[in-house]
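Engineer: entry_29.txt is reproduced below (compact mmCIF, C-alpha atoms).
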# COMPACT_ATOMS: atom_id res chain seq x y z
CA MET A 1 6.34 -8.00 23.55
CA HIS A 2 2.86 -6.96 22.52
CA GLY A 3 2.15 -5.74 26.04
CA TYR A 4 -1.38 -7.09 25.73
CA ASP A 5 -3.18 -10.38 25.24
CA ASP A 6 -3.66 -11.13 21.55
CA VAL A 7 -7.06 -12.75 21.83
CA ARG A 8 -7.56 -15.18 18.97
CA THR A 9 -11.13 -15.72 17.91
CA ALA A 10 -13.00 -17.65 15.23
CA PRO A 11 -12.75 -16.29 11.66
CA ARG A 12 -14.68 -13.07 11.24
CA ALA A 13 -15.78 -10.94 8.29
CA LEU A 14 -13.28 -8.32 7.18
CA ALA A 15 -15.48 -5.45 8.35
CA THR A 16 -15.62 -6.98 11.82
CA GLU A 17 -11.88 -7.58 11.93
CA ALA A 18 -11.27 -3.98 10.89
CA VAL A 19 -13.12 -2.81 13.98
CA HIS A 20 -11.97 -5.39 16.54
CA ALA A 21 -8.56 -6.78 15.57
CA GLY A 22 -5.87 -5.46 17.89
CA ARG A 23 -8.53 -4.42 20.40
CA ASP A 24 -9.96 -7.75 21.53
CA ASP A 25 -8.50 -7.46 25.04
CA LEU A 26 -9.69 -3.94 25.83
CA ALA A 27 -13.08 -4.67 27.39
CA ARG A 28 -11.57 -7.16 29.86
CA GLN A 29 -9.20 -4.41 30.95
CA GLY A 30 -12.02 -1.94 31.45
CA LEU A 31 -10.93 0.09 28.42
CA HIS A 32 -12.68 1.20 25.27
CA ALA A 33 -10.04 3.14 23.33
CA PRO A 34 -6.58 1.57 22.90
CA PRO A 35 -3.94 3.16 25.15
CA ILE A 36 -1.01 5.05 23.63
CA ASP A 37 2.27 3.93 25.16
CA LEU A 38 4.82 6.69 24.52
CA SER A 39 7.63 5.14 26.55
CA THR A 40 11.00 4.81 24.87
CA THR A 41 12.38 2.52 27.58
CA TYR A 42 10.94 0.20 30.21
CA PRO A 43 12.26 -0.47 33.73
CA SER A 44 13.40 -3.95 34.72
CA TYR A 45 15.21 -5.20 37.84
CA ASP A 46 15.97 -8.54 36.15
CA SER A 47 19.03 -7.76 34.02
CA ARG A 48 19.79 -11.46 33.51
CA GLY A 49 16.32 -11.94 32.11
CA GLU A 50 16.78 -8.89 29.88
CA ALA A 51 20.00 -10.35 28.50
CA ALA A 52 18.34 -13.68 27.74
CA ARG A 53 15.44 -12.00 25.93
CA ILE A 54 17.77 -9.81 23.86
CA ASP A 55 19.84 -12.88 22.95
CA ALA A 56 16.69 -14.64 21.82
CA PHE A 57 15.66 -11.64 19.70
CA ALA A 58 19.10 -11.49 18.11
CA THR A 59 18.78 -15.15 17.11
CA THR A 60 15.33 -15.20 15.53
CA GLY A 61 13.84 -11.70 15.60
CA ALA A 62 10.81 -13.09 17.41
CA GLU A 63 9.01 -10.66 19.66
CA PRO A 64 10.45 -11.06 23.17
CA ASP A 65 8.17 -12.60 25.77
CA GLY A 66 7.12 -10.50 28.72
CA PRO A 67 7.05 -6.72 29.08
CA PRO A 68 8.59 -4.36 26.50
CA VAL A 69 12.32 -3.67 26.63
CA TYR A 70 13.12 -0.64 24.49
CA GLY A 71 11.26 1.37 21.89
CA ARG A 72 13.48 0.23 19.02
CA LEU A 73 12.60 -3.42 19.68
CA GLY A 74 8.89 -2.76 19.63
CA ASN A 75 6.01 -0.83 21.15
CA PRO A 76 2.67 -2.13 22.51
CA THR A 77 0.58 0.45 20.62
CA VAL A 78 2.34 -0.23 17.33
CA ALA A 79 1.99 -3.97 17.95
CA ARG A 80 -1.79 -3.59 18.09
CA PHE A 81 -1.76 -2.08 14.60
CA GLU A 82 0.55 -4.83 13.34
CA THR A 83 -1.75 -7.52 14.69
CA ALA A 84 -4.78 -5.89 13.10
CA LEU A 85 -3.17 -5.46 9.69
CA ALA A 86 -1.96 -9.06 9.68
CA ARG A 87 -5.51 -10.21 10.39
CA LEU A 88 -6.88 -8.11 7.54
CA GLU A 89 -4.26 -9.37 5.06
CA GLY A 90 -4.55 -12.97 6.26
CA THR A 91 -0.88 -13.35 7.20
CA GLU A 92 0.85 -14.62 10.33
CA ALA A 93 2.47 -11.29 11.16
CA ALA A 94 3.08 -7.71 10.11
CA VAL A 95 5.98 -5.36 10.83
CA ALA A 96 5.47 -1.59 10.80
CA PHE A 97 8.02 1.05 9.83
CA ALA A 98 8.38 4.83 9.79
CA SER A 99 7.38 5.01 6.10
CA GLY A 100 6.55 2.84 3.14
CA MET A 101 10.05 3.36 1.74
CA ALA A 102 11.57 2.30 5.08
CA ALA A 103 9.49 -0.87 4.86
CA LEU A 104 10.66 -1.65 1.31
CA THR A 105 14.25 -0.88 2.30
CA ALA A 106 14.03 -3.38 5.14
CA VAL A 107 12.78 -6.10 2.79
CA LEU A 108 15.66 -5.48 0.39
CA LEU A 109 18.19 -5.50 3.23
CA VAL A 110 16.86 -8.80 4.54
CA ARG A 111 17.43 -10.44 1.17
CA ALA A 112 20.78 -8.71 0.59
CA SER A 113 22.02 -9.96 3.97
CA MET A 114 21.52 -13.46 2.58
CA GLY A 115 23.56 -12.68 -0.54
CA LEU A 116 20.42 -12.35 -2.69
CA ARG A 117 20.81 -8.89 -4.17
CA HIS A 118 19.06 -9.37 -7.51
CA VAL A 119 15.47 -8.16 -7.86
CA VAL A 120 13.03 -8.86 -10.68
CA ALA A 121 10.41 -6.13 -10.94
CA VAL A 122 7.49 -5.14 -13.14
CA ARG A 123 6.86 -1.53 -14.08
CA PRO A 124 5.17 0.67 -13.25
CA LEU A 125 5.89 0.94 -9.55
CA TYR A 126 5.63 3.92 -7.25
CA GLY A 127 8.32 6.34 -8.44
CA CYS A 128 10.50 6.18 -5.33
CA SER A 129 10.31 2.36 -5.28
CA ASP A 130 11.47 2.40 -8.90
CA HIS A 131 14.31 4.76 -8.03
CA LEU A 132 15.45 2.73 -5.01
CA LEU A 133 15.75 -0.38 -7.18
CA THR A 134 17.22 1.31 -10.26
CA ALA A 135 19.80 3.44 -8.45
CA GLY A 136 21.24 0.47 -6.57
CA LEU A 137 21.45 2.53 -3.40
CA LEU A 138 21.31 -0.62 -1.27
CA GLY A 139 23.65 -2.64 -3.47
CA THR A 140 20.80 -4.32 -5.31
CA GLU A 141 20.57 -5.04 -9.03
CA VAL A 142 17.22 -4.98 -10.79
CA THR A 143 15.91 -6.65 -13.94
CA TRP A 144 12.78 -4.99 -15.28
CA THR A 145 10.39 -7.24 -17.15
CA ASP A 146 6.73 -7.75 -17.96
CA PRO A 147 4.74 -10.36 -16.02
CA ALA A 148 5.24 -12.97 -18.76
CA GLY A 149 9.02 -12.64 -18.50
CA ILE A 150 9.41 -13.15 -14.75
CA ALA A 151 10.40 -16.83 -14.82
CA GLU A 152 13.04 -16.22 -17.49
CA ALA A 153 14.50 -13.25 -15.56
CA LEU A 154 15.14 -15.25 -12.37
CA ARG A 155 18.76 -15.97 -11.42
CA PRO A 156 20.42 -17.98 -8.63
CA ASP A 157 20.98 -14.72 -6.72
CA THR A 158 17.42 -13.41 -7.21
CA GLY A 159 16.09 -12.55 -3.79
CA LEU A 160 12.78 -10.94 -4.64
CA VAL A 161 10.14 -10.39 -7.30
CA MET A 162 8.20 -7.15 -6.92
CA VAL A 163 4.93 -6.07 -8.51
CA GLU A 164 2.31 -3.45 -7.75
CA THR A 165 -1.31 -4.10 -8.67
CA PRO A 166 -3.21 -1.97 -9.43
CA ALA A 167 -0.02 -0.14 -10.32
CA ASN A 168 0.89 3.43 -9.48
CA PRO A 169 -0.09 5.51 -11.42
CA THR A 170 -1.50 3.71 -14.48
CA LEU A 171 -3.66 1.25 -12.49
CA THR A 172 -2.39 -1.65 -14.59
CA GLU A 173 -3.35 -5.01 -13.06
CA VAL A 174 -1.43 -8.28 -13.05
CA ASP A 175 -2.55 -11.85 -12.51
CA LEU A 176 -1.19 -12.52 -9.03
CA ARG A 177 -1.66 -16.28 -9.14
CA ALA A 178 0.23 -16.52 -12.42
CA VAL A 179 3.00 -14.25 -11.16
CA ALA A 180 3.34 -16.18 -7.90
CA HIS A 181 3.62 -19.41 -9.89
CA ALA A 182 6.32 -17.89 -12.10
CA CYS A 183 8.33 -16.89 -9.03
CA GLY A 184 8.87 -20.48 -7.94
CA SER A 185 10.68 -20.38 -4.59
CA VAL A 186 11.60 -16.70 -4.86
CA PRO A 187 9.47 -14.53 -2.54
CA LEU A 188 6.87 -12.39 -4.29
CA LEU A 189 6.39 -8.90 -2.86
CA VAL A 190 3.11 -7.22 -3.82
CA ASP A 191 2.55 -3.53 -3.16
CA ASN A 192 -1.11 -3.55 -2.13
CA THR A 193 -1.36 0.15 -1.29
CA PHE A 194 -3.96 1.00 -3.94
CA ALA A 195 -6.23 -2.02 -3.46
CA THR A 196 -5.97 -2.49 0.33
CA PRO A 197 -7.15 -5.79 1.85
CA VAL A 198 -10.71 -4.61 1.23
CA LEU A 199 -10.36 -5.31 -2.51
CA GLN A 200 -7.63 -7.96 -2.62
CA ARG A 201 -5.43 -9.99 -0.28
CA PRO A 202 -2.30 -10.97 -2.21
CA ALA A 203 -1.25 -13.61 0.33
CA GLU A 204 -4.30 -15.63 -0.74
CA HIS A 205 -2.89 -15.70 -4.29
CA GLY A 206 0.64 -16.77 -3.42
CA ALA A 207 2.46 -13.59 -2.36
CA ARG A 208 4.81 -14.06 0.59
CA LEU A 209 5.15 -10.32 1.31
CA VAL A 210 2.47 -7.62 1.15
CA LEU A 211 3.68 -4.03 1.26
CA HIS A 212 1.65 -0.96 2.16
CA SER A 213 2.42 2.68 2.28
CA ALA A 214 0.23 2.94 5.38
CA THR A 215 0.33 6.70 4.88
CA LYS A 216 -2.40 6.21 2.30
CA TYR A 217 -5.63 4.24 2.79
CA LEU A 218 -4.72 2.48 6.04
CA GLY A 219 -4.34 5.81 7.83
CA GLY A 220 -6.90 7.42 5.57
CA HIS A 221 -6.81 10.99 6.80
CA GLY A 222 -3.55 12.43 5.51
CA ASP A 223 -2.09 12.82 8.99
CA VAL A 224 0.24 9.87 9.50
CA LEU A 225 3.40 8.67 7.73
CA ALA A 226 4.04 4.92 7.92
CA GLY A 227 4.77 1.67 6.12
CA VAL A 228 4.06 -1.96 6.90
CA VAL A 229 4.88 -5.41 5.55
CA ALA A 230 2.46 -8.29 6.14
CA CYS A 231 4.16 -11.67 5.91
CA ASP A 232 4.88 -15.00 7.60
CA GLU A 233 6.46 -15.04 11.05
CA GLU A 234 9.87 -16.20 9.81
CA PHE A 235 10.28 -13.22 7.49
CA ALA A 236 8.78 -10.91 10.12
CA GLY A 237 11.55 -11.90 12.52
CA ARG A 238 14.19 -10.83 10.02
CA LEU A 239 12.37 -7.57 9.37
CA ARG A 240 12.28 -6.81 13.10
CA GLN A 241 16.04 -7.36 13.28
CA ILE A 242 16.60 -4.93 10.41
CA ARG A 243 14.23 -2.41 12.01
CA PHE A 244 16.09 -2.69 15.32
CA ALA A 245 19.47 -2.25 13.64
CA THR A 246 18.51 0.61 11.32
CA GLY A 247 16.04 2.40 13.58
CA GLY A 248 13.21 2.84 11.08
CA VAL A 249 10.62 2.48 13.84
CA LEU A 250 7.04 3.74 13.79
CA HIS A 251 6.09 6.29 16.43
CA PRO A 252 3.42 5.06 18.89
CA LEU A 253 1.08 7.94 18.06
CA ALA A 254 1.25 6.95 14.41
CA GLY A 255 0.48 3.36 15.42
CA TYR A 256 -2.59 4.58 17.30
CA LEU A 257 -3.80 6.65 14.34
CA LEU A 258 -3.32 3.71 11.98
CA LEU A 259 -5.27 1.37 14.24
CA ARG A 260 -8.06 3.94 14.32
CA GLY A 261 -7.88 4.30 10.54
CA LEU A 262 -8.30 0.56 10.02
CA SER A 263 -11.64 0.59 11.82
CA THR A 264 -13.24 2.59 9.00
CA LEU A 265 -11.14 1.21 6.13
CA PRO A 266 -13.84 -1.01 4.53
CA VAL A 267 -16.46 1.74 4.73
CA ARG A 268 -14.12 4.38 3.30
CA VAL A 269 -12.80 2.22 0.46
CA ARG A 270 -16.25 1.05 -0.62
CA ALA A 271 -17.78 4.53 -0.55
CA ALA A 272 -14.86 6.16 -2.39
CA SER A 273 -14.81 3.31 -4.92
CA GLU A 274 -18.46 3.84 -5.77
CA THR A 275 -17.83 7.52 -6.45
CA ALA A 276 -14.65 6.76 -8.41
CA ALA A 277 -16.45 4.32 -10.70
CA GLU A 278 -19.04 6.97 -11.54
CA LEU A 279 -16.39 9.63 -12.17
CA ALA A 280 -14.46 7.21 -14.38
CA ARG A 281 -17.61 6.57 -16.38
CA ARG A 282 -18.19 10.27 -16.94
CA LEU A 283 -14.56 10.99 -17.81
CA ALA A 284 -14.59 8.12 -20.32
CA THR A 285 -17.32 9.83 -22.35
CA ASP A 286 -15.90 13.35 -22.06
CA PRO A 287 -14.41 14.70 -25.32
CA ARG A 288 -11.78 16.65 -23.36
CA VAL A 289 -10.32 13.38 -22.02
CA ALA A 290 -8.19 11.18 -24.28
CA ARG A 291 -8.02 8.04 -22.16
CA VAL A 292 -9.23 6.77 -18.79
CA HIS A 293 -7.57 4.05 -16.74
CA TYR A 294 -9.74 2.40 -14.10
CA PRO A 295 -9.03 -1.12 -12.81
CA ARG A 296 -11.45 -4.00 -13.17
CA LEU A 297 -10.80 -4.64 -9.49
CA GLY A 298 -12.42 -1.30 -8.72
CA GLY A 299 -11.09 1.05 -6.11
CA ALA A 300 -10.88 4.76 -5.47
CA MET A 301 -8.03 5.59 -7.87
CA ILE A 302 -8.50 6.92 -11.41
CA ALA A 303 -5.86 7.86 -13.98
CA PHE A 304 -6.80 9.83 -17.05
CA GLU A 305 -5.01 11.52 -19.93
CA VAL A 306 -6.17 14.85 -21.30
CA HIS A 307 -5.85 16.27 -24.80
CA ASP A 308 -4.75 19.69 -23.57
CA ASP A 309 -2.29 20.86 -20.91
CA PRO A 310 -2.59 18.71 -17.75
CA HIS A 311 -0.97 21.46 -15.70
CA GLU A 312 -3.96 23.68 -16.42
CA VAL A 313 -6.25 21.04 -14.93
CA ILE A 314 -4.12 20.95 -11.76
CA ALA A 315 -4.25 24.73 -11.56
CA GLY A 316 -7.99 24.79 -12.19
CA VAL A 317 -9.35 22.64 -9.36
CA ARG A 318 -10.99 24.37 -6.41
CA LEU A 319 -12.64 21.65 -4.32
CA ILE A 320 -10.19 18.87 -5.17
CA THR A 321 -6.81 19.22 -3.46
CA PRO A 322 -3.82 19.48 -5.85
CA ALA A 323 -1.31 17.43 -3.87
CA VAL A 324 0.84 14.33 -3.97
CA SER A 325 -0.20 11.25 -1.96
CA LEU A 326 -3.53 9.47 -2.00
CA GLY A 327 -6.04 7.52 0.05
CA SER A 328 -7.30 10.40 2.18
CA VAL A 329 -10.92 11.29 2.94
CA ASP A 330 -10.57 14.26 0.60
CA THR A 331 -9.98 13.95 -3.14
CA LEU A 332 -6.44 14.62 -4.38
CA ILE A 333 -5.12 15.15 -7.91
CA GLN A 334 -1.53 15.22 -9.13
CA HIS A 335 0.58 15.04 -12.29
CA PRO A 336 2.79 11.92 -11.92
CA ALA A 337 5.37 13.01 -14.50
CA SER A 338 6.01 16.13 -12.42
CA ILE A 339 5.86 14.71 -8.88
CA SER A 340 5.39 11.08 -7.85
CA HIS A 341 7.28 9.64 -10.84
CA ARG A 342 9.54 12.58 -11.66
CA ILE A 343 12.55 10.70 -10.26
CA VAL A 344 12.09 7.90 -12.82
CA ASP A 345 13.99 8.31 -16.10
CA ALA A 346 11.69 9.99 -18.62
CA ASP A 347 12.01 7.22 -21.21
CA ASP A 348 11.42 4.50 -18.61
CA ARG A 349 8.46 6.45 -17.34
CA ARG A 350 6.85 6.72 -20.76
CA ASP A 351 7.62 3.09 -21.61
CA ALA A 352 5.69 2.12 -18.47
CA GLY A 353 2.66 4.05 -19.67
CA VAL A 354 3.15 7.17 -17.57
CA SER A 355 2.58 9.77 -20.27
CA ASP A 356 3.20 13.47 -19.82
CA ARG A 357 -0.55 14.09 -20.12
CA LEU A 358 -1.53 11.58 -17.42
CA LEU A 359 -3.26 12.80 -14.26
CA ARG A 360 -3.86 10.68 -11.15
CA LEU A 361 -7.01 11.20 -9.10
CA SER A 362 -7.45 9.80 -5.60
CA VAL A 363 -11.18 9.96 -4.94
CA GLY A 364 -12.31 10.77 -1.42
CA LEU A 365 -15.64 10.89 0.35
CA GLU A 366 -17.15 14.05 -1.12
CA ASP A 367 -20.43 14.01 -3.05
CA VAL A 368 -19.95 12.83 -6.61
CA GLU A 369 -21.79 15.81 -8.10
CA ASP A 370 -19.56 18.31 -6.31
CA LEU A 371 -16.46 16.48 -7.49
CA TRP A 372 -17.72 16.31 -11.05
CA ALA A 373 -18.54 20.01 -11.06
CA ASP A 374 -14.96 20.76 -9.98
CA LEU A 375 -13.44 18.45 -12.58
CA ASP A 376 -15.70 19.83 -15.28
CA GLY A 377 -14.57 23.37 -14.49
CA ALA A 378 -10.89 22.40 -14.34
CA LEU A 379 -11.04 20.57 -17.67
CA GLY A 380 -12.22 23.78 -19.32
CA THR A 381 -14.17 24.20 -22.51
CA ALA A 382 -11.88 22.54 -25.06
CA ALA A 383 -13.69 19.89 -27.11
CA HIS A 384 -12.25 17.10 -29.24
CA PRO A 385 -15.13 15.52 -31.18
CA HIS A 386 -12.84 13.02 -32.94
CA ARG A 387 -11.62 11.49 -29.73
CA ASP A 388 -10.57 7.81 -30.02
CA ALA A 389 -13.15 5.30 -28.86
CA GLY A 390 -12.64 2.27 -26.68
CA LEU A 391 -9.93 3.69 -24.47
CA TYR A 392 -11.77 3.25 -21.21
CA ARG A 393 -9.75 0.48 -19.60
CA HIS A 394 -12.13 -1.70 -17.66
CA GLU A 395 -10.92 -5.12 -18.61
CA ALA A 396 -11.89 -8.54 -17.34
CA PRO A 397 -10.31 -9.21 -13.95
CA PRO A 398 -7.06 -11.17 -13.90
CA GLN A 399 -7.31 -14.80 -12.84
CA GLY A 400 -7.76 -14.94 -9.09
CA ALA A 401 -8.67 -11.26 -8.82
CA THR A 402 -12.00 -10.02 -7.54
CA SER A 403 -14.30 -7.84 -9.59
CA HIS A 404 -15.59 -4.50 -8.36
CA ASN A 405 -19.08 -5.93 -8.08
CA GLU A 406 -17.91 -8.75 -5.83
CA PRO A 407 -15.46 -7.17 -3.37
CA ALA A 408 -13.12 -9.47 -1.51
CA ALA A 409 -14.31 -7.85 1.70
CA ALA A 410 -17.40 -10.01 1.57
CA GLY A 411 -15.24 -12.99 2.47
CA ARG A 412 -13.42 -13.83 5.67
CA PRO A 413 -9.70 -13.29 6.23
Step by step, read the file and then write its structure as C-alpha cells.
Structural biologist:
Amino acid sequence: MHGYDDVRTAPRALATEAVHAGRDDLARQGLHAPPIDLSTTYPSYDSRGEAARIDAFATTGAEPDGPPVYGRLGNPTVARFETALARLEGTEAAVAFASGMAALTAVLLVRASMGLRHVVAVRPLYGCSDHLLTAGLLGTEVTWTDPAGIAEALRPDTGLVMVETPANPTLTEVDLRAVAHACGSVPLLVDNTFATPVLQRPAEHGARLVLHSATKYLGGHGDVLAGVVACDEEFAGRLRQIRFATGGVLHPLAGYLLLRGLSTLPVRVRAASETAAELARRLATDPRVARVHYPRLGGAMIAFEVHDDPHEVIAGVRLITPAVSLGSVDTLIQHPASISHRIVDADDRRDAGVSDRLLRLSVGLEDVEDLWADLDGALGTAAHPHRDAGLYRHEAPPQGATSHNEPAAAGRP
C-alpha cells in the first residue's frame, strides 16, 4: 500500500533518519524530491483481487499489498511520512490523521470498540484533549490522577493511560519509566508534541502509543494541520480501520509538507532550544516575572507567570507573534487561560497549575537578542524587587529522561 519500496537499512543517527527515512527509494527511481500523489482513487481491472485485499484490510487493518486502492485506505505520499515518523520514534508503524485531535479520537475509539471506555489521565494536558476526555463525547469516562496514583486508578475496563510530558502549558515532566510500570498491561499513550523524538522517544521508556500534533514541530512552519500516532503494527492496524471508517485522513499535500518538515526537525529543535534556554534564564532573573517554567529535558517551550496583567504582554509584542499553536520557525506567545485551555473548567485549570497570569512562549529561530528586546518591551517597566526566589523550575530530569545537555538525538533510533 505504500506505493514505494520501504528500504530498510542499518540503524542510523536520528539526524540522518530525519533526512532519509521515507525517501530511501528515490535515487533508484531517478528522483530527488518525493512525489505528491493526489489521486483519490486508483484504477484496477482485477476486481476479484480488489475484493480480497479489502477483505484482508477489514480483518487486520494491515496495509494492503500491491498498488493503492482508494484515498481513504491510504496514500503513498502520506505513507512516506508515516514510515519516517515511525523510524524517528523507534516504533514499528505510525498512522497519520487530519489533526492531532482526530488522532486522539481514533485511539479512544479503538479502545472503546473493545469495551474499554475508561481512561486514566494526568493533568495538565492540551486543553482540547482534556475537554474530549472530560466531556465524554466519545462515551469515555476519565479518572484524573497524579502520576503516583495511576496504578490505584486502574479498573478492569481501563483502556488507556494518557500523559503529556513536558505538559502543555506548564511544562511539567513525568517519569515515563515509572508511569509505564504503573500501567501494567494497560497501554500508555504519551503526547510527545512538545519534546519531539529529538529530545525523547517515549517508546524506549515503555509507552505503547506516541501521539503528536504534527501541526506543531513536525511540520514546523505553521502551514499544515495534522496528527499522527506512532505505535506497534497491531495497534496501527486498528487505527487504520478507524481512520477508514471515520474518514479522518491526512491530505497528500500535508503528508508531503510533513515529510519535508522532518528533514530539518533536529536542526530546528536544537537551535530553538538553545535560544529558549537563554530566554528562560533571563526571565528567571527579571523582577517583572513571578515564575518561570522550563523543563529539565530542555526544548523550545517556556511558560512564565507575570506579576502584572498578562494581556498587556500579549498586546505589547511586536516581533513575537501573538497566536495560538506552537513549534513554528517564528516565535509565538499566547495566554493559555484565554485560548488553548479556555475550554477546561477554571478550577480544574488552576488546580493543574495553569494560572490566570501564565503565558506560554514557543521559541522560534530568531536571534535571541531580538526576541529579548521584544519581550523586554512587552513586559513594560513595572518592577517587583521583593520577587520570590527559587521559582525557576529546572529540576533534575525524571528517571529515564534525557537532560538538555545530552539530547536523545545523539543516539540511534
Engineer: Counting only C-alpha atoms, which residues of segment 316-352 of chain A sit at most 7 Å from some atom of segment 124-131 of chain A, and what is each one's closest atom pair with its distance in Å to one decimal, listed by chain and rising residue number, as CSV?
Structural biologist:
residue,atom,partner,partner_atom,distance
A:Ser340,CA,A:Gly127,CA,5.6
A:His341,CA,A:Gly127,CA,4.2
A:Ile343,CA,A:Gly127,CA,6.3
A:Val344,CA,A:Gly127,CA,6.0
A:Ala352,CA,A:Pro124,CA,5.4
Engineer: Excluding same-chain residues fewer than 4 positions from Leu361 of chain A, what lies within 7 Å of it counting only C-alpha atoms, as a VMD selection string?
Structural biologist: chain A and resid 301 to 303 332 to 334
Engineer: Choose the residue, out of A:Glu274, A:Asp330, A:Asp356, A:Asp347, that has the smallest atom-to-atom separation from His307 of chain A; count all atoms listed in the file.
Structural biologist: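 Ranking A:Glu274, A:Asp330, A:Asp356, A:Asp347 by distance to His307 of chain A, first place goes to A:Asp356.
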Engineer: Report the distance between atom CA of Val161 of chain A and atom CA of Leu297 of chain A in Å, rounded to one decimal place.
Structural biologist: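 It comes out at 21.8 Å.
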Engineer: Compare A:Val354, A:Glu173, A:His20, A:Pro295 by their minimum atom-to-atom distance to His32 of chain A, counting all atoms listed in the file, and give me the closest one.
Structural biologist: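 Among A:Val354, A:Glu173, A:His20, A:Pro295, it is A:His20 that comes nearest to His32 of chain A.
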Engineer: Neighbouring residues of Leu116 of chain A were defined as those with any atom within 7 Å, considering all atoms listed in the file; residues of the same chain fewer than 5 positions away were excluded. Please report them as JSON, numbers by chain.
Structural biologist: {"A": [111, 157, 158, 159]}
Engineer: I want to know what sits within 12 Å of His293 of chain A, based on only C-alpha atoms, with residues of the same chain fewer than 4 positions away left out; could you give that as a PyMOL selection string?
Structural biologist: chain A and resi 166-173+276-277+279-281+283-284+289+297-306+353-354+358-361+390-395
Engineer: From the list A:Val269, A:Leu132, A:Leu109, A:Ala94, which residue is nearest Val210 of chain A when using all atoms listed in the file?
Structural biologist: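 With all atoms listed in the file as the atom set, the closest residue is A:Ala94.
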Engineer: Please compute the atom CA of Val122 of chain A-atom CA of Gln241 of chain A distance, one decimal, in Å.
Structural biologist: 27.9 Å
Engineer: To one decimal place in Å, what is the distance between atom CA of Val179 of chain A and atom CA of Ala121 of chain A?
Structural biologist: 11.0 Å
Engineer: Per residue of segment 223-304 of chain A within 7 Å of segment 66-76 of chain A, note the shortest atom pair and the distance in Å to one decimal, counting all atoms listed in the file, and order the rows by chain and increasing residue number, as a Markdown table.
Structural biologist:
| residue | atom | partner | partner_atom | distance |
| --- | --- | --- | --- | --- |
| A:Phe244 | CA | A:Arg72 | CA | 5.4 |
| A:Gly247 | CA | A:Arg72 | CA | 6.4 |
| A:Val249 | CA | A:Arg72 | CA | 6.3 |
| A:Pro252 | CA | A:Asn75 | CA | 6.8 |
Engineer: Would you compute an axis-aligned box for segment 152-155 of chain A, covering every atom listed for it in the file with 4 Å of margin on each side, and report centre and edge lengths in Å to one decimal as AutoDock Vina command-line options?
Structural biologist:
--center_x 15.9 --center_y -14.7 --center_z -14.5 --size_x 13.7 --size_y 11.0 --size_z 14.1
